[in-house]
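> Let me begin by handing over the structure; questions about it come next.
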Amino acid sequence: MMTIETYSPEETYAFGQRIGRAVRPGEVLTLIGDLGTGKTVLTQGCASGLGINEAVNSPTFTILQIYESGRLPLYHFDVYRIEDIDEMEEIGYDDYFFGEGVCLIEWADQIRELLPGQYTRILIEKDLAKGFDYRRITVEGPLEEIL
Ligand code: ADP
Ligand code: MG
């Protein structure tokens with residue numbers, strides 16, 4: 001387990017960039033944390049680290065957004081609003097989870113039963129005692145050893 005602390009969105013973005021530069025084909029990363037903790041900020045950094053030059057936004061209303069202009073394809077899922085895991089089947093999620101790109105899944109706890117055997121879990125937490133912009137980011141899984 002690896003823990004880093006950030007004190008601004010820019011620092012979280014920079015940590016995301018580090019992930020984007022290191023991440024390997026076929027890796028699945030889950031992003032867990034309350035609304036507004038910075039899951040999308042970290043994803044945007046990751047996209048930048050992968051060399052993606054398109055704008056990356058939260059795909060809350062589309063479940064999946066695909067970016068193919070970087071070193072590896074990025075499959076950005078936000079499963080916050082999912083009501084039934086059939087919705088995942090409908091978009092053919094397994095092509096992405098078991099493909100050669102990188103999957104980043106916001107709110108992955110909602111689809112825990114679909115996750116592959118191996119993935120890296122990224123948890124973002126606030127601690128208001130340390131300030132409004134403080135975040136503790138915990139990384140657990142195969143990716144941590146190359147960060
Ligand atoms: P989520 O996707 O987890 O709902 P967002 O990434 O969309 O959250 O939003 C995070 C919000 O928190 C942004 O408005 C961002 O500016 C703010 N913020 C403040 N401090 C931080 C920090 N240390 N890391 C990330 N975001 C931060
Ligand atoms: Mg988000």
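Going by the structure tokens order, chains are called A, B, ..., each with residues numbered from 1, while ligands are numbered from 1 in the order shown.
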Give the residues close to ligand 1, within 8 Å, counting only C-alpha atoms and all ligand atoms; write them as a VMD selection string.
chain A and resid 5 to 13 32 to 43 58 106 124 132 to 135
> Show which residues sit within 10 Å of region 83-88 of chain A, as a ChimeraX atom specification. Count only C-alpha atoms, and ignore same-chain residues fewer than 6 positions away.
/A:63-64,94,110-114
> Hey, what does DSSP flag as alpha helix (DSSP H) within region 17-113 of chain A? Can you give it to me as a list in words?
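Here are the alpha helix (DSSP H) residues of region 17-113 of chain A: Gln17, Arg18, Ile19, Gly20, Arg21, Ala22, Lys39, Thr40, Val41, Leu42, Thr43, Gln44, Gly45, Cys46, Ala47, Ser48, Gly49, Asp86, Glu87, Met88, Glu89, Glu90, Tyr93, Asp94, Asp95, Tyr96 and Phe97 of chain A.
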> Apply DSSP to the structure's backbone, then extract all residues of chain A labelled strand (DSSP E or B) and return them as an NGL selection string.
:A and (2-6 or 28-32 or 64-67 or 74-78 or 102-106 or 120-126 or 135-140)
> Smallest atom-to-atom distance to ligand 2: which of A:Tyr119, A:Phe97, A:Val79, A:Ser48, using only C-alpha atoms and all ligand atoms?
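Counting only C-alpha atoms and all ligand atoms, the residue closest to ligand 2 is A:Val79.
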> Have a look at CA of Ile82 (chain A) and CA of Leu143 (chain A) and let me know their distance in Å, one decimal.
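Result for CA of Ile82 (chain A) versus CA of Leu143 (chain A): 26.5 Å, one decimal.
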> Find the residues near Gly70 (chain A): any atom within 10 Å, counting only C-alpha atoms, skip ones fewer than 5 places away on the same chain, and give them as a list in words.
Gly20, Ala47, Ser48, Gly49, Leu50, Gly51, Ile52, Asn53 and Glu54 of chain A
> Output N, CA, C and O atoms of each residue in that selection to a file, as a compact mmCIF listing (two decimals), in the first residue's frame.

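Written out: out.txt:
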```txt
# COMPACT_ATOMS: atom_id res chain seq x y z
N GLY A 20 -0.36 8.12 -15.21
CA GLY A 20 -0.53 8.00 -16.66
C GLY A 20 0.76 7.66 -17.39
O GLY A 20 0.75 6.96 -18.40
N ALA A 47 -4.86 11.11 -17.89
CA ALA A 47 -5.00 11.27 -19.35
C ALA A 47 -3.83 12.10 -19.90
O ALA A 47 -3.23 11.75 -20.92
N SER A 48 -3.50 13.16 -19.20
CA SER A 48 -2.38 14.00 -19.62
C SER A 48 -1.08 13.20 -19.62
O SER A 48 -0.29 13.27 -20.57
N GLY A 49 -0.87 12.39 -18.58
CA GLY A 49 0.34 11.57 -18.49
C GLY A 49 0.41 10.52 -19.60
O GLY A 49 1.50 10.09 -19.98
N LEU A 50 -0.75 10.14 -20.11
CA LEU A 50 -0.79 9.19 -21.23
C LEU A 50 -0.58 9.90 -22.57
O LEU A 50 -0.51 9.25 -23.61
N GLY A 51 -0.54 11.23 -22.52
CA GLY A 51 -0.36 11.99 -23.75
C GLY A 51 -1.66 12.26 -24.50
O GLY A 51 -1.65 12.58 -25.69
N ILE A 52 -2.77 12.14 -23.81
CA ILE A 52 -4.08 12.40 -24.43
C ILE A 52 -4.29 13.91 -24.49
O ILE A 52 -4.11 14.61 -23.49
N ASN A 53 -4.64 14.40 -25.66
CA ASN A 53 -4.78 15.85 -25.79
C ASN A 53 -6.23 16.33 -25.89
O ASN A 53 -6.49 17.51 -26.06
N GLU A 54 -7.18 15.40 -25.77
CA GLU A 54 -8.59 15.82 -25.76
C GLU A 54 -8.98 16.24 -24.35
O GLU A 54 -8.37 15.83 -23.38
```
